[in-house]
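Undergrad: I have a structure I would like to understand better, so I am pasting it below and will then ask my questions one at a time.
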Amino acid sequence: MISYPPEPFRIKTVETIRLLSPLEREEPIKKAGYNIFNLNSQDVYIDLLTDSGTGAMSDKQWAAIMQGDEAYAGARSFFHLKEAIDQIFGFKYFVPTHQGRAAENILCTLMVVSGCSIPNNTHFDTTQANILARGGIPQNLVIAEAVDPKNLHPFKGNMDIEKLEGFIQNQGPENIPFGMITITNNAIGGQPVSMENIRDVSAIYRRRKIPFFIDACRYAENAFFIKNREPEYADKTLLEIAKEIFSLADGATMSAKKDAIVNIGGFFAMNDETLFQRAKNELILREGFPTYGGLAGRDLDAIAVGLWEGLDESYLRYRVGQVAYLGNKLQELGVPIVEPPGGHAIYVDAGEMLPHIPKDSFPGQSLVVELYLEGCVRAVEIGSVAFARKDPKTGGMIYPDLELVRLAIPRRVYTQAHMDHVAKTMARIMDRREKIPGYRLTYASELLRHFTARFEPM
Ligand code: F0G
């Protein structure tokens with residue numbers, strides 16, 4: 001029997017959710033242009049659109065919120081956050097931002113110049129878009145194992161070290177204003193990166209004098225995988241592992257909406273003082289004064305508490321266990337998923353599940369619509385709708401390797417019975433999968449088109 005460690009918390013507040021009847025689901029999805037981003041959340045039963053900002057805060061976080069200091073400058077809340085960041089991340093400076101992409105925006109505004117390249121294991125879509133928006137070229141250099149959904153590599157999120165060396169050699173380090181790594185690697189399945197790989201990447205960037213920034217949104221889940229899969233870290237605490245990770249970099253962008261279990265917030269941390277001065281100026285222009293960024297004081301307090309709760313080992317064992325539980329259930333049904341299960345989500349290989357739908361008819365999009373119609377479940381496409389882009393040289397489309405659908409699990413929100421509902425929904429879709437139609441775009445924007453696109457079934 002598949003199981004996972006019971007919740008290391010009990011439920012103090014509940015929110016009613018409603019399972020619409022199959023008939024009641026037809027109208028909202030049609031009105032939404034078959035784009036689940038256009039659905040009202042009232043019309044969704046299990047919302048697996050994202051694990052970002054959707055976690056349940058603890059009693060301690062809510063208590064901290066009541067104690068938020070809303071002073072414009074020098075607020076106590078800022079120093080609470082500073083203490084947590086100092087202890088876990090250890091970077092010399094940071095600025096709070098309203099979320100992760102705001103940190104990316106500041107980093108890219110300050111460092112990306114037109115025509116430069118930014119390597120990463122795999123850029124998340126907002127990072128890719130921020131680089132493109134400044135005229136830079138995002139480059140993904142993840143290991144080849146990552147694009148094989150059946151490959152059981154324990155650190156499938158790793159950077160391909162040889163490719164990185166070759167890429168820097170080719171581009172010239174002077175054309176690479178900074179390099180990144182994303183932990184865990186969201187875009188290819190929430191897969192972790194090993195400490196060994198982070199160490200190697202850091203050594204390469206440092207040798208070439210390329211500043212190294214970590215996209216740290218899910219660093220705690222990544223640290224948990226390092227402890228459990230990298231033998232020399234088995235006896236280390238998660239705090240020790242986190243500190244070691246960040247000691248290898250020059251800074252980090254962080255969306256606190258993930259592993260700090262808050263509904264809004266982020267920060268941009270760094271060691272370089274000049275960069276910090278420039279970041280503060282940019283922050284004041286776009287986000288707010290450096291001791292609150294784009295946030296209220298109370299938000300900073302919630303992050304300060306949440307950073308520690310998100311790094312707690314018994315919580316992470318339950319958390320990663322719940323995600324694996326759903327993954328294993330789907331595998332039992334014969335649903336092709338990215339293996340092994342990731343840290344925050346299960347990624348269904350819609351390309352393999354619906355082989356009769358070609359890439360330009362969006363198999364992932366089809367599965368997302370079916371999940372809603374069949375079970376009132378909201379998932380998200382991470383395939384050609386989100387990631388295909390025009391080749392600037394040939395004008396043709398560059399398609400991503402995989403057509404995935406992500407079932408992201410909010411933190412501390414849903415129970416095992418909810419996971420079972422998702423699995424049952426998928427079982428019913430599997431039974432009639434040959435009959436599922438592809439989709440055609442009726443509207444698409446230039447950047448980040450998946451958020452606003454509209455479709456019709458073919
Ligand atoms: N980097 C990664 C790896 C992310 O997953 C996200 C957000 C961001 C940066 C940007 O952070 O949303 O706070 O601005 N990911 C969310 C998701 C949206 O659903 O995976 P943000």
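Chain identifiers are assigned as A, B, and so on, following the order in which chains appear in the structure tokens; residues are numbered from 1 within each chain, and ligands are numbered from 1 in order of appearance.
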How would you report the residues lying within 8 Å of ligand 1, as a VMD selection string, if you count only C-alpha atoms and all ligand atoms?
TA: chain A and resid 49 to 53 98 to 104 123 to 127 182 to 187 215 to 218 253 to 258 264 to 266 408
Undergrad: List the neighbours of A:Glu403 out to 8 Å using only C-alpha atoms; skip same-chain residues closer than 5 positions along the sequence, and give me the result as an NGL selection string.
TA: :A and (349-351 or 359 or 362-364 or 381-384)
Undergrad: Can I get the selected residues back with all heavy atoms, as a PDB file, in the first residue's frame?
TA:
ATOM      1  N   ASP A 349       3.249  13.308 -18.387  1.00  0.00           N
ATOM      2  CA  ASP A 349       3.774  13.399 -19.750  1.00  0.00           C
ATOM      3  C   ASP A 349       2.591  13.308 -20.722  1.00  0.00           C
ATOM      4  O   ASP A 349       2.230  12.229 -21.190  1.00  0.00           O
ATOM      5  CB  ASP A 349       4.774  12.255 -19.974  1.00  0.00           C
ATOM      6  CG  ASP A 349       5.456  12.346 -21.332  1.00  0.00           C
ATOM      7  OD1 ASP A 349       5.000  13.151 -22.189  1.00  0.00           O
ATOM      8  OD2 ASP A 349       6.434  11.614 -21.543  1.00  0.00           O
ATOM      9  N   ALA A 350       2.010  14.467 -21.011  1.00  0.00           N
ATOM     10  CA  ALA A 350       0.807  14.494 -21.852  1.00  0.00           C
ATOM     11  C   ALA A 350       1.128  14.099 -23.286  1.00  0.00           C
ATOM     12  O   ALA A 350       0.284  13.543 -23.986  1.00  0.00           O
ATOM     13  CB  ALA A 350       0.174  15.884 -21.810  1.00  0.00           C
ATOM     14  N   GLY A 351       2.361  14.381 -23.714  1.00  0.00           N
ATOM     15  CA  GLY A 351       2.772  13.990 -25.058  1.00  0.00           C
ATOM     16  C   GLY A 351       2.666  12.479 -25.232  1.00  0.00           C
ATOM     17  O   GLY A 351       2.208  11.984 -26.261  1.00  0.00           O
ATOM     18  N   LYS A 359       2.239  18.322 -31.356  1.00  0.00           N
ATOM     19  CA  LYS A 359       2.698  19.428 -30.509  1.00  0.00           C
ATOM     20  C   LYS A 359       1.965  20.739 -30.796  1.00  0.00           C
ATOM     21  O   LYS A 359       1.638  21.487 -29.885  1.00  0.00           O
ATOM     22  CB  LYS A 359       4.203  19.666 -30.737  1.00  0.00           C
ATOM     23  CG  LYS A 359       5.106  18.828 -29.841  1.00  0.00           C
ATOM     24  CD  LYS A 359       6.572  19.154 -30.124  1.00  0.00           C
ATOM     25  CE  LYS A 359       7.526  18.287 -29.326  1.00  0.00           C
ATOM     26  NZ  LYS A 359       7.500  18.525 -27.876  1.00  0.00           N
ATOM     27  N   PHE A 362      -1.246  21.029 -29.013  1.00  0.00           N
ATOM     28  CA  PHE A 362      -1.131  21.182 -27.567  1.00  0.00           C
ATOM     29  C   PHE A 362      -1.737  20.057 -26.716  1.00  0.00           C
ATOM     30  O   PHE A 362      -2.770  20.255 -26.049  1.00  0.00           O
ATOM     31  CB  PHE A 362      -1.733  22.526 -27.143  1.00  0.00           C
ATOM     32  CG  PHE A 362      -1.222  23.695 -27.945  1.00  0.00           C
ATOM     33  CD1 PHE A 362      -2.093  24.511 -28.655  1.00  0.00           C
ATOM     34  CD2 PHE A 362       0.135  23.969 -28.001  1.00  0.00           C
ATOM     35  CE1 PHE A 362      -1.624  25.594 -29.397  1.00  0.00           C
ATOM     36  CE2 PHE A 362       0.615  25.050 -28.731  1.00  0.00           C
ATOM     37  CZ  PHE A 362      -0.266  25.860 -29.430  1.00  0.00           C
ATOM     38  N   PRO A 363      -1.094  18.878 -26.703  1.00  0.00           N
ATOM     39  CA  PRO A 363      -1.609  17.772 -25.881  1.00  0.00           C
ATOM     40  C   PRO A 363      -1.738  18.122 -24.394  1.00  0.00           C
ATOM     41  O   PRO A 363      -2.690  17.676 -23.734  1.00  0.00           O
ATOM     42  CB  PRO A 363      -0.573  16.656 -26.086  1.00  0.00           C
ATOM     43  CG  PRO A 363       0.609  17.287 -26.748  1.00  0.00           C
ATOM     44  CD  PRO A 363       0.110  18.499 -27.460  1.00  0.00           C
ATOM     45  N   GLY A 364      -0.812  18.927 -23.877  1.00  0.00           N
ATOM     46  CA  GLY A 364      -0.877  19.318 -22.462  1.00  0.00           C
ATOM     47  C   GLY A 364      -2.116  20.146 -22.177  1.00  0.00           C
ATOM     48  O   GLY A 364      -2.820  19.945 -21.180  1.00  0.00           O
ATOM     49  N   GLU A 381      -0.531  23.638 -17.902  1.00  0.00           N
ATOM     50  CA  GLU A 381       0.278  23.147 -19.014  1.00  0.00           C
ATOM     51  C   GLU A 381       1.695  23.684 -18.899  1.00  0.00           C
ATOM     52  O   GLU A 381       1.897  24.872 -18.631  1.00  0.00           O
ATOM     53  CB  GLU A 381      -0.354  23.631 -20.332  1.00  0.00           C
ATOM     54  CG  GLU A 381       0.144  22.897 -21.564  1.00  0.00           C
ATOM     55  CD  GLU A 381       1.198  23.633 -22.371  1.00  0.00           C
ATOM     56  OE1 GLU A 381       1.784  24.629 -21.895  1.00  0.00           O
ATOM     57  OE2 GLU A 381       1.463  23.197 -23.497  1.00  0.00           O
ATOM     58  N   ILE A 382       2.699  22.796 -19.058  1.00  0.00           N
ATOM     59  CA  ILE A 382       4.096  23.227 -19.074  1.00  0.00           C
ATOM     60  C   ILE A 382       4.692  22.590 -20.330  1.00  0.00           C
ATOM     61  O   ILE A 382       5.516  21.693 -20.256  1.00  0.00           O
ATOM     62  CB  ILE A 382       4.865  22.751 -17.817  1.00  0.00           C
ATOM     63  CG1 ILE A 382       4.104  23.050 -16.540  1.00  0.00           C
ATOM     64  CG2 ILE A 382       6.273  23.316 -17.788  1.00  0.00           C
ATOM     65  CD1 ILE A 382       4.691  24.054 -15.609  1.00  0.00           C
ATOM     66  N   GLY A 383       4.207  23.023 -21.457  1.00  0.00           N
ATOM     67  CA  GLY A 383       4.650  22.433 -22.715  1.00  0.00           C
ATOM     68  C   GLY A 383       4.713  23.509 -23.766  1.00  0.00           C
ATOM     69  O   GLY A 383       5.197  24.615 -23.503  1.00  0.00           O
ATOM     70  N   SER A 384       4.162  23.223 -24.922  1.00  0.00           N
ATOM     71  CA  SER A 384       4.312  24.145 -26.051  1.00  0.00           C
ATOM     72  C   SER A 384       3.513  25.438 -25.903  1.00  0.00           C
ATOM     73  O   SER A 384       3.889  26.451 -26.478  1.00  0.00           O
ATOM     74  CB  SER A 384       3.922  23.443 -27.351  1.00  0.00           C
ATOM     75  OG  SER A 384       4.949  22.539 -27.692  1.00  0.00           O
TER      76      SER A 384
END
Undergrad: Using only C-alpha atoms, which protein or nucleic acid residues come within 7 Å of stretch 34-43 of chain A? Drop anything in the same chain fewer than 4 positions from it, and give the result as number ranges by chain.
TA: A: 20, 28-30, 369, 378, 451, 453-456
Undergrad: Please write the residues from the selection above to a file, keeping all heavy atoms, as an mmCIF file, in the first residue's frame.
TA:
data_model
loop_
_atom_site.group_PDB
_atom_site.id
_atom_site.type_symbol
_atom_site.label_atom_id
_atom_site.label_comp_id
_atom_site.auth_asym_id
_atom_site.auth_seq_id
_atom_site.Cartn_x
_atom_site.Cartn_y
_atom_site.Cartn_z
ATOM 1 N N LEU A 20 -18.295 21.274 -8.268
ATOM 2 C CA LEU A 20 -19.356 21.523 -9.245
ATOM 3 C C LEU A 20 -19.719 20.214 -9.948
ATOM 4 O O LEU A 20 -18.858 19.356 -10.147
ATOM 5 C CB LEU A 20 -18.879 22.523 -10.302
ATOM 6 C CG LEU A 20 -19.100 24.018 -10.066
ATOM 7 C CD1 LEU A 20 -18.421 24.485 -8.799
ATOM 8 C CD2 LEU A 20 -18.564 24.827 -11.251
ATOM 9 N N PRO A 28 -18.188 27.461 -17.401
ATOM 10 C CA PRO A 28 -17.012 28.261 -17.009
ATOM 11 C C PRO A 28 -15.778 28.026 -17.888
ATOM 12 O O PRO A 28 -15.087 28.985 -18.228
ATOM 13 C CB PRO A 28 -16.725 27.830 -15.564
ATOM 14 C CG PRO A 28 -17.885 27.051 -15.101
ATOM 15 C CD PRO A 28 -18.725 26.680 -16.274
ATOM 16 N N ILE A 29 -15.519 26.794 -18.278
ATOM 17 C CA ILE A 29 -14.287 26.525 -19.042
ATOM 18 C C ILE A 29 -14.423 27.067 -20.472
ATOM 19 O O ILE A 29 -13.453 27.587 -21.045
ATOM 20 C CB ILE A 29 -13.899 25.016 -19.016
ATOM 21 C CG1 ILE A 29 -12.497 24.781 -19.588
ATOM 22 C CG2 ILE A 29 -14.891 24.143 -19.748
ATOM 23 C CD1 ILE A 29 -11.375 25.140 -18.683
ATOM 24 N N LYS A 30 -15.648 27.012 -21.004
ATOM 25 C CA LYS A 30 -15.869 27.558 -22.343
ATOM 26 C C LYS A 30 -15.693 29.081 -22.314
ATOM 27 O O LYS A 30 -15.007 29.670 -23.153
ATOM 28 C CB LYS A 30 -17.289 27.174 -22.815
ATOM 29 C CG LYS A 30 -17.470 27.380 -24.295
ATOM 30 C CD LYS A 30 -18.749 26.774 -24.810
ATOM 31 C CE LYS A 30 -18.938 27.220 -26.260
ATOM 32 N NZ LYS A 30 -20.305 27.064 -26.704
ATOM 33 N N VAL A 369 -7.690 20.700 -19.801
ATOM 34 C CA VAL A 369 -9.140 20.921 -19.938
ATOM 35 C C VAL A 369 -9.909 19.695 -19.446
ATOM 36 O O VAL A 369 -10.909 19.807 -18.733
ATOM 37 C CB VAL A 369 -9.511 21.259 -21.407
ATOM 38 C CG1 VAL A 369 -11.028 21.335 -21.573
ATOM 39 C CG2 VAL A 369 -8.869 22.571 -21.839
ATOM 40 N N ARG A 378 -7.912 21.796 -11.237
ATOM 41 C CA ARG A 378 -7.168 22.736 -12.084
ATOM 42 C C ARG A 378 -5.678 22.401 -12.050
ATOM 43 O O ARG A 378 -5.050 22.401 -11.004
ATOM 44 C CB ARG A 378 -7.389 24.172 -11.614
ATOM 45 C CG ARG A 378 -6.553 25.168 -12.414
ATOM 46 C CD ARG A 378 -7.152 26.550 -12.456
ATOM 47 N NE ARG A 378 -7.196 27.230 -11.167
ATOM 48 C CZ ARG A 378 -7.573 28.505 -11.028
ATOM 49 N NH1 ARG A 378 -7.918 29.219 -12.082
ATOM 50 N NH2 ARG A 378 -7.611 29.062 -9.827
ATOM 51 N N PHE A 451 -0.520 32.781 -20.000
ATOM 52 C CA PHE A 451 -1.397 33.415 -19.005
ATOM 53 C C PHE A 451 -2.677 33.970 -19.621
ATOM 54 O O PHE A 451 -3.716 34.008 -18.970
ATOM 55 C CB PHE A 451 -0.653 34.542 -18.277
ATOM 56 C CG PHE A 451 0.444 34.050 -17.373
ATOM 57 C CD1 PHE A 451 1.743 34.492 -17.528
ATOM 58 C CD2 PHE A 451 0.168 33.136 -16.369
ATOM 59 C CE1 PHE A 451 2.755 34.040 -16.696
ATOM 60 C CE2 PHE A 451 1.171 32.670 -15.528
ATOM 61 C CZ PHE A 451 2.470 33.120 -15.694
ATOM 62 N N ALA A 453 -3.661 33.421 -23.171
ATOM 63 C CA ALA A 453 -4.085 32.801 -24.432
ATOM 64 C C ALA A 453 -5.549 32.359 -24.367
ATOM 65 O O ALA A 453 -6.088 32.113 -23.288
ATOM 66 C CB ALA A 453 -3.198 31.599 -24.736
ATOM 67 N N ARG A 454 -6.183 32.278 -25.548
ATOM 68 C CA ARG A 454 -7.522 31.694 -25.651
ATOM 69 C C ARG A 454 -7.478 30.595 -26.712
ATOM 70 O O ARG A 454 -6.676 30.643 -27.642
ATOM 71 C CB ARG A 454 -8.555 32.773 -25.999
ATOM 72 C CG ARG A 454 -8.693 33.831 -24.904
ATOM 73 C CD ARG A 454 -9.795 34.809 -25.188
ATOM 74 N NE ARG A 454 -11.140 34.257 -24.992
ATOM 75 C CZ ARG A 454 -11.758 34.194 -23.813
ATOM 76 N NH1 ARG A 454 -11.161 34.638 -22.723
ATOM 77 N NH2 ARG A 454 -12.968 33.698 -23.720
ATOM 78 N N PHE A 455 -8.332 29.597 -26.517
ATOM 79 C CA PHE A 455 -8.297 28.417 -27.381
ATOM 80 C C PHE A 455 -9.690 28.021 -27.827
ATOM 81 O O PHE A 455 -10.681 28.440 -27.239
ATOM 82 C CB PHE A 455 -7.727 27.200 -26.625
ATOM 83 C CG PHE A 455 -6.375 27.385 -26.033
ATOM 84 C CD1 PHE A 455 -6.229 27.938 -24.762
ATOM 85 C CD2 PHE A 455 -5.232 26.998 -26.727
ATOM 86 C CE1 PHE A 455 -4.970 28.090 -24.195
ATOM 87 C CE2 PHE A 455 -3.980 27.162 -26.165
ATOM 88 C CZ PHE A 455 -3.841 27.705 -24.899
ATOM 89 N N GLU A 456 -9.717 27.150 -28.838
ATOM 90 C CA GLU A 456 -10.947 26.394 -29.109
ATOM 91 C C GLU A 456 -10.587 24.945 -29.428
ATOM 92 O O GLU A 456 -9.512 24.682 -29.985
ATOM 93 C CB GLU A 456 -11.765 27.045 -30.256
ATOM 94 C CG GLU A 456 -11.007 27.158 -31.555
ATOM 95 C CD GLU A 456 -11.777 27.959 -32.594
ATOM 96 O OE1 GLU A 456 -12.637 28.785 -32.255
ATOM 97 O OE2 GLU A 456 -11.479 27.755 -33.798
#
Undergrad: Mind giving me the straight-line distance from atom CA of A:Leu371 to atom CA of A:Ile429 in Å, one decimal?
TA: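 Taking atom CA of A:Leu371 as the start and atom CA of A:Ile429 as the end point, the length is 7.6 Å.
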Undergrad: Considering only C-alpha atoms, give me a table of residues in stretch 40-138 of chain A that are at most 9 Å from stretch 240-245 of chain A, with the closest atom pair and distance in Å for each, as a tab-separated table.
TA:
residue	atom	partner	partner_atom	distance
A:Gln87	CA	A:Lys243	CA	7.9
A:Ile88	CA	A:Lys243	CA	5.7
A:Phe89	CA	A:Lys243	CA	5.7
A:Gly90	CA	A:Lys243	CA	6.8
Undergrad: Which one is closest to A:Arg411: A:Gln191, A:Asn121, A:Asn263, A:Ser366? Count only C-alpha atoms.
TA: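 Result for the nearest residue to A:Arg411: A:Asn263.
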Undergrad: Can you tell me which residues surround A:Asp47 at a distance of at most 10 Å, considering only C-alpha atoms, apart from same-chain residues fewer than 6 positions away, and format the answer as number ranges by chain?
TA: A: 17, 41, 54, 372, 376-380, 407-410, 414
Undergrad: List every residue of stretch 171-305 of chain A that DSSP, applied to the backbone of this structure, places in helix (DSSP H, G or I), and write the result as a ChimeraX atom specification.
TA: /A:171,173-175,186-188,195-207,219-229,231-233,238-247,273-286,297-305
Undergrad: Using only C-alpha atoms, which residue out of A:Arg440, A:Leu283, A:Asp59, A:Leu447 lies closest to A:Lys390?
TA: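 Between A:Arg440, A:Leu283, A:Asp59, A:Leu447, the residue approaching A:Lys390 most closely is A:Leu447.
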Undergrad: Using only C-alpha atoms, what table do you get, as JSON lines, when you list each residue of stretch 278-336 of chain A with an atom no more than 9 Å from stretch 107-114 of chain A, its nearest pair of atoms, and their distance in Å rounded to one decimal, rows by chain then rising number?
TA:
{"residue": "A:Arg278", "atom": "CA", "partner": "A:Leu110", "partner_atom": "CA", "distance": 7.4}
{"residue": "A:Ala279", "atom": "CA", "partner": "A:Leu110", "partner_atom": "CA", "distance": 7.4}
{"residue": "A:Glu282", "atom": "CA", "partner": "A:Leu110", "partner_atom": "CA", "distance": 8.2}
Undergrad: Please write the residues from the selection above to a file, keeping all heavy atoms, as a tab-separated table (two decimals), in the first residue's frame.
TA:
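Output saved as out_31.tsv:
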chain	number	residue	atom	x	y	z
A	278	ARG	N	23.09	49.61	-6.25
A	278	ARG	CA	22.30	49.79	-7.47
A	278	ARG	C	20.93	49.12	-7.33
A	278	ARG	O	19.92	49.63	-7.82
A	278	ARG	CB	23.07	49.21	-8.67
A	278	ARG	CG	24.39	49.98	-8.95
A	278	ARG	CD	25.19	49.30	-10.05
A	278	ARG	NE	24.49	49.31	-11.32
A	278	ARG	CZ	24.51	48.31	-12.21
A	278	ARG	NH1	25.20	47.21	-11.94
A	278	ARG	NH2	23.86	48.41	-13.34
A	279	ALA	N	20.91	47.96	-6.68
A	279	ALA	CA	19.64	47.24	-6.49
A	279	ALA	C	18.68	48.08	-5.64
A	279	ALA	O	17.47	48.13	-5.90
A	279	ALA	CB	19.89	45.89	-5.83
A	282	GLU	N	17.11	50.77	-7.81
A	282	GLU	CA	16.11	50.15	-8.67
A	282	GLU	C	14.86	49.78	-7.86
A	282	GLU	O	13.73	49.97	-8.30
A	282	GLU	CB	16.74	48.90	-9.31
A	282	GLU	CG	16.04	48.37	-10.51
A	282	GLU	CD	15.90	49.38	-11.63
A	282	GLU	OE1	16.83	50.21	-11.84
A	282	GLU	OE2	14.85	49.34	-12.28
Undergrad: Which residues come within 10 Å of A:Glu174, counting only C-alpha atoms, excluding same-chain residues fewer than 5 positions away, as a ChimeraX atom specification?
TA: /A:116-117,168,208-210
Undergrad: For a quick check of understanding, using only C-alpha atoms, which of A:Ala220, A:Ile436, A:Ile106, A:Val193 has the smallest distance to A:Asn281?
TA: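 Closest candidate: A:Ile106.
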Undergrad: Which of these, A:Asp250, A:Glu162, A:Asp312, A:Asp235, has the shortest distance to A:Gly179 once you count only C-alpha atoms?
TA: A:Asp250
Undergrad: Taking only C-alpha atoms into account, produce a table as CSV in which each residue of stretch 193-302 of chain A with an atom at most 9 Å from an atom of stretch 330-343 of chain A appears once, together with its shortest atom pair and the distance in Å to one decimal, ordered by chain and rising number.
TA:
residue,atom,partner,partner_atom,distance
A:Arg218,CA,A:Gly343,CA,8.2
A:Glu221,CA,A:Gly343,CA,5.9
A:Asn222,CA,A:Gly343,CA,7.4
A:Phe225,CA,A:Gly343,CA,8.2
